[in-house]
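Next comes coords_2.csv, with CSV, C-alpha atoms.
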chain,number,residue,atom,x,y,z
A,56,MET,CA,43.0,-69.4,15.1
A,57,ALA,CA,41.0,-72.6,14.2
A,58,GLN,CA,42.9,-75.3,12.4
A,59,ARG,CA,40.5,-78.3,12.2
A,60,ALA,CA,41.4,-81.3,10.1
A,61,THR,CA,38.9,-83.5,8.3
A,62,ILE,CA,39.2,-87.3,8.9
A,63,ILE,CA,39.3,-89.3,5.7
A,64,LEU,CA,38.5,-93.0,6.0
A,65,SER,CA,39.5,-94.9,2.9
A,66,GLU,CA,38.7,-98.5,1.9
A,67,GLU,CA,42.0,-99.6,3.4
A,68,ASN,CA,41.1,-97.9,6.7
A,69,ILE,CA,37.7,-99.6,6.8
A,70,GLY,CA,39.4,-102.9,6.3
A,71,GLU,CA,41.8,-102.2,9.1
A,72,ILE,CA,38.8,-101.4,11.4
A,73,ALA,CA,37.1,-104.6,10.4
A,74,ALA,CA,40.2,-106.6,11.1
A,75,ALA,CA,40.8,-105.0,14.4
A,76,VAL,CA,37.3,-105.2,15.9
A,77,GLY,CA,35.7,-107.9,13.8
A,78,LEU,CA,32.7,-107.8,11.4
A,79,ASP,CA,30.4,-109.2,14.0
A,80,THR,CA,31.2,-106.4,16.4
A,81,LEU,CA,30.6,-103.7,13.8
A,82,MET,CA,27.3,-105.3,12.8
A,83,ASP,CA,26.2,-105.7,16.4
A,84,GLU,CA,27.1,-102.1,17.3
A,85,THR,CA,25.3,-100.8,14.2
A,86,ILE,CA,22.1,-102.8,14.9
A,87,ALA,CA,22.1,-101.6,18.6
A,88,ARG,CA,22.8,-97.9,17.8
A,89,LEU,CA,20.3,-97.9,14.9
A,90,ARG,CA,17.5,-99.3,17.1
A,91,HIS,CA,18.3,-96.7,19.8
A,92,ALA,CA,18.3,-93.9,17.2
A,93,LEU,CA,14.9,-95.0,15.9
A,94,THR,CA,13.5,-94.4,19.5
A,95,LEU,CA,14.6,-90.8,19.1
A,96,PHE,CA,13.1,-90.3,15.6
A,97,GLY,CA,10.1,-88.0,15.6
A,98,ASN,CA,10.9,-86.1,18.9
A,99,GLY,CA,13.1,-83.5,17.4
A,100,GLU,CA,16.4,-85.1,18.3
A,101,VAL,CA,17.0,-86.4,14.8
A,102,GLU,CA,15.5,-85.3,11.5
A,103,ILE,CA,15.8,-86.8,8.0
A,104,GLN,CA,14.6,-85.8,4.5
A,105,PRO,CA,13.6,-88.0,1.6
A,106,ARG,CA,16.5,-88.6,-0.7
A,107,THR,CA,16.6,-86.7,-3.9
A,108,GLY,CA,18.8,-86.6,-7.0
A,109,PHE,CA,19.1,-87.5,-10.6
A,110,VAL,CA,17.7,-90.6,-12.4
A,111,TYR,CA,18.9,-91.2,-15.9
A,112,GLU,CA,18.8,-93.9,-18.6
A,113,THR,CA,21.8,-92.9,-20.7
A,114,PRO,CA,24.7,-93.7,-21.1
A,115,GLU,CA,23.3,-96.5,-18.8
A,116,MET,CA,20.4,-96.8,-16.4
A,117,GLY,CA,21.5,-95.3,-13.1
A,118,LEU,CA,21.0,-92.7,-10.5
A,119,ILE,CA,22.9,-90.4,-8.1
A,120,GLU,CA,21.0,-89.3,-5.0
A,121,PHE,CA,21.6,-87.2,-1.9
A,122,MET,CA,20.5,-88.4,1.6
A,123,PRO,CA,20.7,-85.9,4.6
A,124,ALA,CA,20.2,-86.5,8.3
A,125,TYR,CA,20.4,-84.0,11.2
A,126,ARG,CA,21.2,-84.8,14.8
A,127,ARG,CA,20.3,-81.8,17.0
A,128,ASP,CA,23.3,-79.9,18.4
A,129,GLN,CA,25.8,-82.4,16.9
A,130,ASN,CA,26.1,-83.1,13.2
A,131,VAL,CA,24.6,-83.3,9.8
A,132,ALA,CA,25.3,-86.5,7.8
A,133,LEU,CA,25.1,-86.5,4.0
A,134,LYS,CA,25.4,-89.5,1.8
A,135,VAL,CA,25.9,-89.3,-2.0
A,136,VAL,CA,24.9,-92.6,-3.4
A,137,GLY,CA,24.9,-94.0,-6.9
A,138,TYR,CA,23.0,-97.1,-8.2
A,139,HIS,CA,24.3,-98.5,-11.4
A,140,PRO,CA,23.2,-102.2,-12.0
A,141,GLY,CA,25.6,-102.6,-14.9
A,142,ASN,CA,28.7,-101.9,-12.8
A,143,PRO,CA,29.6,-105.4,-11.7
A,144,PHE,CA,29.4,-106.7,-15.3
A,145,ASN,CA,30.7,-103.8,-17.3
A,146,ARG,CA,33.3,-102.3,-15.0
A,147,GLY,CA,34.0,-104.7,-12.1
A,148,MET,CA,32.6,-102.2,-9.7
A,149,PRO,CA,29.8,-102.5,-7.0
A,150,THR,CA,26.3,-101.7,-8.0
A,151,VAL,CA,26.0,-99.3,-5.2
A,152,MET,CA,28.7,-96.6,-4.9
A,153,ALA,CA,28.6,-94.1,-2.1
A,154,THR,CA,30.5,-91.6,0.0
A,155,ASN,CA,29.4,-90.5,3.5
A,156,SER,CA,30.3,-87.2,5.0
A,157,LEU,CA,29.7,-85.6,8.4
A,158,TYR,CA,29.4,-81.9,9.3
A,159,ASP,CA,29.6,-80.1,12.6
A,160,VAL,CA,26.4,-78.1,13.2
A,161,ARG,CA,28.3,-75.6,15.3
A,162,ASP,CA,30.3,-74.2,12.4
A,163,GLY,CA,29.7,-76.2,9.3
A,164,HIS,CA,33.1,-77.9,9.5
A,165,LEU,CA,33.5,-81.1,7.5
A,166,ILE,CA,34.3,-83.6,10.2
A,167,ALA,CA,34.8,-86.7,8.1
A,168,VAL,CA,34.5,-88.3,4.7
A,169,VAL,CA,34.0,-92.1,4.7
A,170,ASP,CA,33.7,-94.8,2.1
A,171,GLY,CA,30.0,-95.4,1.8
A,172,VAL,CA,30.0,-98.8,-0.1
A,173,PHE,CA,30.8,-100.9,3.0
A,174,ALA,CA,28.7,-98.5,5.1
A,175,THR,CA,25.6,-98.8,2.9
A,176,ALA,CA,25.7,-102.6,2.8
A,177,VAL,CA,26.1,-102.9,6.6
A,178,ARG,CA,23.4,-100.4,7.5
A,179,THR,CA,21.0,-102.1,5.1
A,180,GLY,CA,21.6,-105.4,6.8
A,181,ALA,CA,21.3,-103.8,10.2
A,182,SER,CA,17.9,-102.2,9.3
A,183,SER,CA,16.5,-105.6,8.2
A,184,ALA,CA,17.7,-107.1,11.5
A,185,VAL,CA,15.9,-104.4,13.6
A,186,ALA,CA,12.7,-104.9,11.6
A,187,SER,CA,12.9,-108.7,11.6
A,188,LYS,CA,13.4,-108.8,15.4
A,189,LEU,CA,10.1,-106.9,15.8
A,190,LEU,CA,8.0,-108.4,13.0
A,191,ALA,CA,9.3,-112.0,12.3
A,192,HIS,CA,8.3,-115.2,14.1
A,193,PRO,CA,10.5,-115.4,17.3
A,194,GLU,CA,11.3,-119.0,16.5
A,195,SER,CA,12.4,-118.4,12.9
A,196,LYS,CA,14.8,-121.2,11.8
A,197,THR,CA,15.1,-120.7,8.0
A,198,LEU,CA,16.4,-117.7,6.2
A,199,GLY,CA,15.7,-117.2,2.5
A,200,LEU,CA,17.5,-114.9,0.2
A,201,ILE,CA,16.1,-113.9,-3.2
A,202,GLY,CA,19.1,-112.3,-4.9
A,203,ALA,CA,22.7,-113.3,-4.0
A,204,GLY,CA,24.5,-110.0,-4.7
A,205,ALA,CA,26.4,-107.7,-2.3
A,206,MET,CA,23.4,-106.8,-0.2
A,207,ALA,CA,22.5,-110.5,0.4
A,208,VAL,CA,25.9,-110.9,2.2
A,209,THR,CA,25.0,-108.3,4.9
A,210,GLN,CA,21.4,-109.4,5.0
A,211,ALA,CA,22.6,-112.9,5.9
A,212,HIS,CA,25.1,-111.6,8.3
A,213,ALA,CA,22.8,-109.2,10.2
A,214,LEU,CA,19.9,-111.7,10.4
A,215,SER,CA,22.3,-114.5,11.6
A,216,ARG,CA,23.3,-112.2,14.5
A,217,MET,CA,19.7,-112.1,15.6
A,218,TYR,CA,18.6,-115.7,14.9
A,219,ASP,CA,20.1,-119.2,15.2
A,220,PHE,CA,19.1,-120.5,11.7
A,221,ASP,CA,19.1,-124.1,10.9
A,222,ALA,CA,19.2,-123.3,7.1
A,223,VAL,CA,20.0,-120.4,4.8
A,224,LEU,CA,18.5,-120.9,1.4
A,225,VAL,CA,19.7,-118.7,-1.5
A,226,HIS,CA,18.4,-118.1,-5.1
A,227,ASP,CA,19.7,-115.9,-7.9
A,228,ILE,CA,18.8,-115.8,-11.6
A,229,ASP,CA,22.6,-115.5,-12.3
A,230,PRO,CA,24.1,-119.0,-11.7
A,231,THR,CA,27.6,-117.5,-11.3
A,232,VAL,CA,26.5,-115.0,-8.6
A,233,GLU,CA,24.5,-117.8,-6.9
A,234,ALA,CA,27.5,-120.2,-7.0
A,235,THR,CA,29.9,-117.7,-5.4
A,236,PHE,CA,27.7,-116.7,-2.5
A,237,ALA,CA,28.9,-119.5,-0.2
A,238,LYS,CA,32.5,-118.3,-0.6
A,239,ARG,CA,31.5,-114.7,0.2
A,240,VAL,CA,29.8,-115.6,3.5
A,241,ALA,CA,32.1,-118.4,4.6
A,242,ALA,CA,34.1,-116.2,7.0
A,243,LEU,CA,30.8,-115.3,8.7
A,244,GLY,CA,30.1,-118.9,9.6
A,245,ILE,CA,27.2,-119.1,7.2
A,246,THR,CA,26.7,-122.2,5.1
A,247,PRO,CA,24.0,-121.5,2.5
A,248,THR,CA,22.1,-124.0,0.3
A,249,ILE,CA,21.3,-123.1,-3.3
A,250,ALA,CA,17.6,-123.6,-3.9
A,251,SER,CA,14.9,-122.8,-6.4
A,252,LYS,CA,12.9,-119.6,-5.8
A,253,GLU,CA,9.8,-121.8,-5.0
A,254,ARG,CA,11.7,-123.6,-2.3
A,255,VAL,CA,13.1,-120.5,-0.8
A,256,LEU,CA,9.6,-119.0,-0.6
A,257,ALA,CA,8.0,-122.2,0.7
A,258,GLU,CA,10.4,-123.1,3.5
A,259,SER,CA,11.7,-119.8,4.8
A,260,ASP,CA,10.5,-118.0,7.9
A,261,ILE,CA,12.3,-114.8,7.0
A,262,ILE,CA,12.9,-113.8,3.4
A,263,CYS,CA,15.2,-111.0,2.2
A,264,VAL,CA,14.6,-109.9,-1.4
A,265,ALA,CA,17.5,-107.8,-2.8
A,266,THR,CA,17.6,-107.9,-6.6
A,267,SER,CA,18.6,-105.6,-9.4
A,268,ILE,CA,15.3,-106.1,-11.2
A,269,GLY,CA,14.9,-103.6,-14.0
A,270,LEU,CA,12.5,-100.7,-14.2
A,271,ASP,CA,8.9,-101.9,-14.7
A,272,ALA,CA,10.2,-105.5,-14.8
A,273,GLY,CA,8.8,-106.6,-11.4
A,274,PRO,CA,7.4,-108.1,-9.4
A,275,VAL,CA,9.9,-110.9,-8.4
A,276,VAL,CA,7.7,-112.3,-5.6
A,277,HIS,CA,3.9,-112.9,-5.8
A,278,ALA,CA,1.4,-113.8,-3.1
A,279,GLY,CA,1.0,-117.4,-2.1
A,280,GLY,CA,3.3,-120.3,-1.6
A,281,MET,CA,4.8,-119.0,1.7
A,282,LYS,CA,4.4,-119.8,5.4
A,283,PRO,CA,1.5,-118.0,7.1
A,284,HIS,CA,3.9,-116.2,9.4
A,285,VAL,CA,6.5,-115.3,6.8
A,286,HIS,CA,8.4,-112.0,7.2
A,287,ILE,CA,9.8,-110.3,4.1
A,288,ASN,CA,12.5,-107.7,4.1
A,289,ALA,CA,12.0,-106.0,0.7
A,290,VAL,CA,15.4,-104.3,0.1
A,291,GLY,CA,15.7,-103.8,-3.7
A,292,ALA,CA,13.0,-101.2,-4.4
A,293,ASP,CA,15.1,-98.0,-4.4
A,294,THR,CA,13.9,-95.9,-7.3
A,295,PRO,CA,10.6,-95.1,-9.1
A,296,ARG,CA,9.4,-97.9,-11.3
A,297,LYS,CA,11.5,-100.5,-9.5
A,298,TYR,CA,9.7,-102.9,-7.2
A,299,GLU,CA,10.0,-106.6,-6.2
A,300,LEU,CA,6.7,-107.6,-4.5
A,301,SER,CA,3.2,-107.9,-6.0
A,302,THR,CA,0.5,-105.5,-4.9
A,303,GLN,CA,-1.6,-108.5,-3.8
A,304,LEU,CA,1.2,-109.5,-1.5
A,305,LEU,CA,1.5,-106.0,-0.1
A,306,LYS,CA,-2.2,-105.7,0.6
A,307,SER,CA,-2.4,-109.1,2.2
A,308,SER,CA,0.4,-108.5,4.7
A,309,PHE,CA,1.2,-106.1,7.6
A,310,LEU,CA,3.2,-103.6,5.6
A,311,VAL,CA,5.8,-101.5,7.5
A,312,PRO,CA,7.8,-98.8,5.6
A,313,ASP,CA,11.1,-97.4,7.0
A,314,TYR,CA,10.1,-93.9,5.9
A,315,LEU,CA,6.6,-93.5,4.4
A,316,GLU,CA,7.2,-90.4,2.3
A,317,GLN,CA,10.2,-92.1,0.6
A,318,ALA,CA,8.5,-95.5,0.3
A,319,LEU,CA,5.5,-94.0,-1.5
A,320,ASN,CA,7.9,-92.5,-4.1
A,321,GLU,CA,10.4,-95.3,-4.6
A,322,GLY,CA,9.7,-98.2,-2.3
A,323,GLU,CA,7.3,-101.1,-2.6
A,324,CYS,CA,4.5,-98.7,-1.5
A,325,GLN,CA,4.9,-96.8,-4.8
A,326,GLN,CA,2.7,-99.4,-6.5
A,327,LEU,CA,-0.4,-98.6,-4.3
A,328,THR,CA,-3.0,-96.1,-5.3
A,329,GLU,CA,-4.2,-93.4,-2.8
A,330,GLU,CA,-7.3,-95.5,-2.2
A,331,GLU,CA,-5.0,-98.4,-1.1
A,332,TYR,CA,-2.9,-96.4,1.3
A,333,GLY,CA,-5.0,-97.7,4.2
A,334,CYS,CA,-3.2,-101.0,3.9
A,335,ILE,CA,0.1,-99.4,4.9
A,336,GLY,CA,1.0,-99.8,8.5
A,337,PRO,CA,3.1,-97.6,10.8
A,338,GLU,CA,6.7,-96.6,10.1
A,339,LEU,CA,9.4,-98.8,11.7
A,340,HIS,CA,10.3,-96.2,14.4
A,341,LYS,CA,6.8,-96.4,15.8
A,342,ILE,CA,7.1,-100.2,16.2
A,343,VAL,CA,10.5,-99.8,17.9
A,344,LYS,CA,9.0,-97.4,20.4
A,345,ALA,CA,6.1,-99.7,21.3
A,346,PRO,CA,7.0,-103.3,20.3
A,347,GLN,CA,4.4,-104.9,22.6
A,348,ASP,CA,1.6,-103.2,20.6
A,349,TYR,CA,2.7,-105.1,17.5
A,350,ALA,CA,3.9,-108.4,18.8
A,351,HIS,CA,0.8,-110.3,17.6
A,352,TYR,CA,1.9,-109.6,14.0
A,353,GLN,CA,4.8,-112.0,14.4
A,354,MET,CA,2.3,-114.8,13.8
A,355,LYS,CA,1.1,-113.2,10.5
A,356,PRO,CA,2.6,-112.3,7.2
A,357,THR,CA,4.6,-109.1,7.5
A,358,ILE,CA,6.7,-106.9,5.1
A,359,PHE,CA,9.4,-104.4,5.8
A,360,ASP,CA,9.6,-101.9,2.9
A,361,SER,CA,13.3,-101.0,3.3
A,362,THR,CA,14.1,-98.0,1.0
A,363,GLY,CA,17.1,-97.1,3.1
A,364,VAL,CA,17.0,-94.0,5.3
A,365,SER,CA,19.7,-91.4,5.9
A,366,LEU,CA,19.4,-91.9,9.7
A,367,ALA,CA,21.0,-95.3,9.2
A,368,ASP,CA,23.8,-93.8,7.2
A,369,GLN,CA,24.4,-91.3,9.9
A,370,ILE,CA,24.6,-94.1,12.5
A,371,MET,CA,27.0,-96.2,10.4
A,372,THR,CA,29.3,-93.2,9.7
A,373,GLU,CA,29.4,-92.4,13.4
A,374,VAL,CA,30.2,-96.0,14.2
A,375,LEU,CA,33.1,-96.0,11.8
A,376,ILE,CA,34.5,-92.7,12.9
A,377,ASP,CA,34.3,-93.7,16.6
A,378,GLN,CA,36.2,-97.0,15.8
A,379,ALA,CA,38.8,-95.2,13.7
A,380,GLN,CA,39.5,-92.6,16.4
A,381,ALA,CA,39.9,-95.3,19.0
A,382,LEU,CA,42.3,-97.2,16.8
A,383,GLY,CA,44.2,-94.1,15.5
A,384,LEU,CA,43.2,-94.8,11.9
A,385,GLY,CA,42.4,-92.4,9.0
A,386,GLN,CA,44.1,-89.5,7.3
A,387,HIS,CA,43.7,-86.0,8.8
A,388,ILE,CA,43.7,-83.4,6.1
A,389,LEU,CA,43.1,-79.6,6.2
A,390,ILE,CA,40.4,-79.2,3.5
A,391,GLU,CA,38.7,-75.9,4.3
A,392,ALA,CA,40.5,-72.6,3.5
A,393,GLY,CA,40.4,-69.5,5.7
A,394,CYS,CA,41.1,-71.0,9.1
A,395,ASP,CA,44.3,-69.0,9.6
A,396,ASP,CA,42.4,-65.7,8.9
A,397,PRO,CA,38.7,-66.0,8.5
A,398,MET,CA,38.6,-62.6,6.9
A,399,ASN,CA,41.0,-63.5,4.2
A,400,PRO,CA,40.0,-66.2,1.6
A,401,TYR,CA,43.5,-65.9,0.1
A,402,GLY,CA,45.3,-66.7,3.4
A,403,PHE,CA,46.3,-70.3,2.7
A,404,SER,CA,48.1,-72.1,5.5
A,405,ASN,CA,51.0,-73.1,3.3
A,406,PHE,CA,51.9,-69.5,2.5
A,407,THR,CA,53.9,-67.9,5.2
A,408,HIS,CA,53.2,-64.3,4.1
A,409,GLY,CA,49.9,-64.8,2.4
A,410,LEU,CA,49.2,-65.1,-1.3
A,411,HIS,CA,52.3,-64.5,-3.5
A,412,VAL,CA,51.5,-62.3,-6.5
A,413,VAL,CA,53.4,-63.2,-9.6
A,414,GLU,CA,53.3,-60.0,-11.6
A,415,SER,CA,54.4,-61.5,-14.9
A,416,ALA,CA,51.4,-63.8,-14.8
A,417,ALA,CA,48.8,-61.0,-14.6
A,418,PRO,CA,47.3,-60.0,-17.9
A,419,ASP,CA,47.5,-56.5,-19.2
A,420,ARG,CA,44.1,-54.9,-18.5
A,421,SER,CA,45.0,-51.3,-19.3
A,422,ILE,CA,42.7,-49.4,-21.6
A,423,LYS,CA,44.4,-48.6,-24.9
A,424,SER,CA,43.7,-45.3,-26.6
A,425,ALA,CA,43.1,-45.2,-30.3
Go ahead and render the structure in this file as structure tokens.
Amino acid sequence: MAQRATIILSEENIGEIAAAVGLDTLMDETIARLRHALTLFGNGEVEIQPRTGFVYETPEMGLIEFMPAYRRDQNVALKVVGYHPGNPFNRGMPTVMATNSLYDVRDGHLIAVVDGVFATAVRTGASSAVASKLLAHPESKTLGLIGAGAMAVTQAHALSRMYDFDAVLVHDIDPTVEATFAKRVAALGITPTIASKERVLAESDIICVATSIGLDAGPVVHAGGMKPHVHINAVGADTPRKYELSTQLLKSSFLVPDYLEQALNEGECQQLTEEEYGCIGPELHKIVKAPQDYAHYQMKPTIFDSTGVSLADQIMTEVLIDQAQALGLGQHILIEAGCDDPMNPYGFSNFTHGLHVVESAAPDRSIKSA
């Protein structure tokens, strides 16, 4: 008789993990495990599919999408993620809402359900860290942030784990969001400086662009006015018609998508015509596997088209589950019916003698004669 519980990690549990092991440890582990996973991508060990879902403009502009990843002989991860830019202002909720789940490929059992809001933010920062370490100037000293929302926090955190920055410059079109950024990153040992967009672009070695620009309202950043070796992590393009960088900037830089098929649909690459696809460089996993072949691009302008891949969600979920199990955290709940008797879908574990039939509750279905 199989009785296998599902681990539920709540927001409170995630906070307990962060307090116990530290945010730096979680970020460092996620960066390291993501980079290792990218070395396996493409050899059959791990597989991902482009996210798909529903995009709508009423009652407000938003989307809910599904992101699957498969690790051979181990598990399938599935993230359900919503993007609703009105959330912070209309409901006091994060723009990105998500739930991550993990399934055992041996039997389909639901291993775990994890809060995906924290996980999405951390893995997005970790992805930029992996890309930047391979594409940015090795002596980068100034980090620039265009957009000071939730994603900017983990971008600053992840990049600061890879580089010893002399300055972190931040710009947001919302003065309130811009002014509160320092408080949100203070515990990370980061002291940002509010700056104009022009200054951020001119002085930064690495720039992370993570905005909630509206559909067809971009670009946010145009070509010109930046250092000749600037590296840009373009984080905000995550749906069709939403983009942050100009096509001229894309075509004049070494452009690296995280997942080409997805980037062509909803990343910065969506802006390019088929005739312009030749300016798109290799996917990130190829650079991870042969960094020496691309090191010379660190002295040139580079762009990481970060649409967010399900492989990173899988890694982040595994990191949190491993930490929770080591600390004895999380709720263990029997969700799936039928484990007491796989041949009886009515054999619930809380019924000693099977399903109780309440005769009085059954409708009279006899055929009446005229």
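The smallest atom-to-atom distance between Gln386 (chain A) and any of A:Ala167, A:Ile370, A:Phe96, A:Gly204, using all atoms listed in the file, is found for A:Ala167.
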Exercise. Taking into account all atoms listed in the file, which residue in the set A:Thr94, A:Gln303, A:Thr231, A:Thr294 is nearest to Tyr111 (chain A)?
Worked result: A:Thr294
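Omitting His212 (chain A) and its sequence neighbours fewer than 3 positions away, and counting all atoms listed in the file, the residues within 10 Å are Leu78, Asp79, Met82, Val177, Gly180, Ala181, Ala184, Met206, Ala207, Val208, Thr209, Ser215, Arg216, Met217, Val240, Leu243, Gly244 and Ile245 of chain A.
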Problem set entry | Interatomic distance, CA of Thr372 (chain A) to CA of Ile390 (chain A) (Å, one decimal) | 18.9 Å
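As for CA of Asn155 (chain A) and CA of Leu133 (chain A), they are spaced 5.9 Å apart.
Distances to His164 (chain A) were evaluated for A:Ala60, A:Leu319, A:Leu189, A:Leu339 using all atoms listed in the file, and the minimum falls at A:Ala60.
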Problem set entry | Nearby residues (all atoms listed in the file) at most 6 Å from Phe359 (chain A), same-chain spacing under 4 positions excluded, as an MDAnalysis selection string | chainID A and resid 288:289 311:312
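With CA of Gly202 (chain A) on one side and CA of Lys188 (chain A) on the other, the separation reads 21.4 Å.
Within the 9 Å cut-off around Leu165 (chain A), using all atoms listed in the file and omitting residues fewer than 4 positions from it on the same chain, the listed residues are A:Arg59, A:Ala60, A:Thr61, A:Ile62, A:Ser156, A:Leu157, A:Tyr158, A:Asp159, A:Ile390, A:Glu391.
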Selection export as a PDB file, in the frame of the given file, atoms kept: C-alpha atoms:
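Output file selection.pdb follows:
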ATOM      1  CA  ARG A  59      40.500 -78.300  12.200  1.00  0.00           C
ATOM      2  CA  ALA A  60      41.400 -81.300  10.100  1.00  0.00           C
ATOM      3  CA  THR A  61      38.900 -83.500   8.300  1.00  0.00           C
ATOM      4  CA  ILE A  62      39.200 -87.300   8.900  1.00  0.00           C
ATOM      5  CA  SER A 156      30.300 -87.200   5.000  1.00  0.00           C
ATOM      6  CA  LEU A 157      29.700 -85.600   8.400  1.00  0.00           C
ATOM      7  CA  TYR A 158      29.400 -81.900   9.300  1.00  0.00           C
ATOM      8  CA  ASP A 159      29.600 -80.100  12.600  1.00  0.00           C
ATOM      9  CA  ILE A 390      40.400 -79.200   3.500  1.00  0.00           C
ATOM     10  CA  GLU A 391      38.700 -75.900   4.300  1.00  0.00           C
TER      11      GLU A 391
END
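Each of A:Asp83, A:Asp229, A:Asp128, A:Glu323 was checked against Asp360 (chain A) using all atoms listed in the file; the smallest atom-to-atom distance is that of A:Glu323.
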For this session: Find the residues near region 258-272 of chain A: any atom within 9 Å, counting all atoms listed in the file, skip ones fewer than 3 places away on the same chain, and give them as a ChimeraX atom specification.
Result: /A:140,150,183,187,191-192,194-207,210-211,214,222-224,227,253-255,275-276,281-282,284-292,294-300
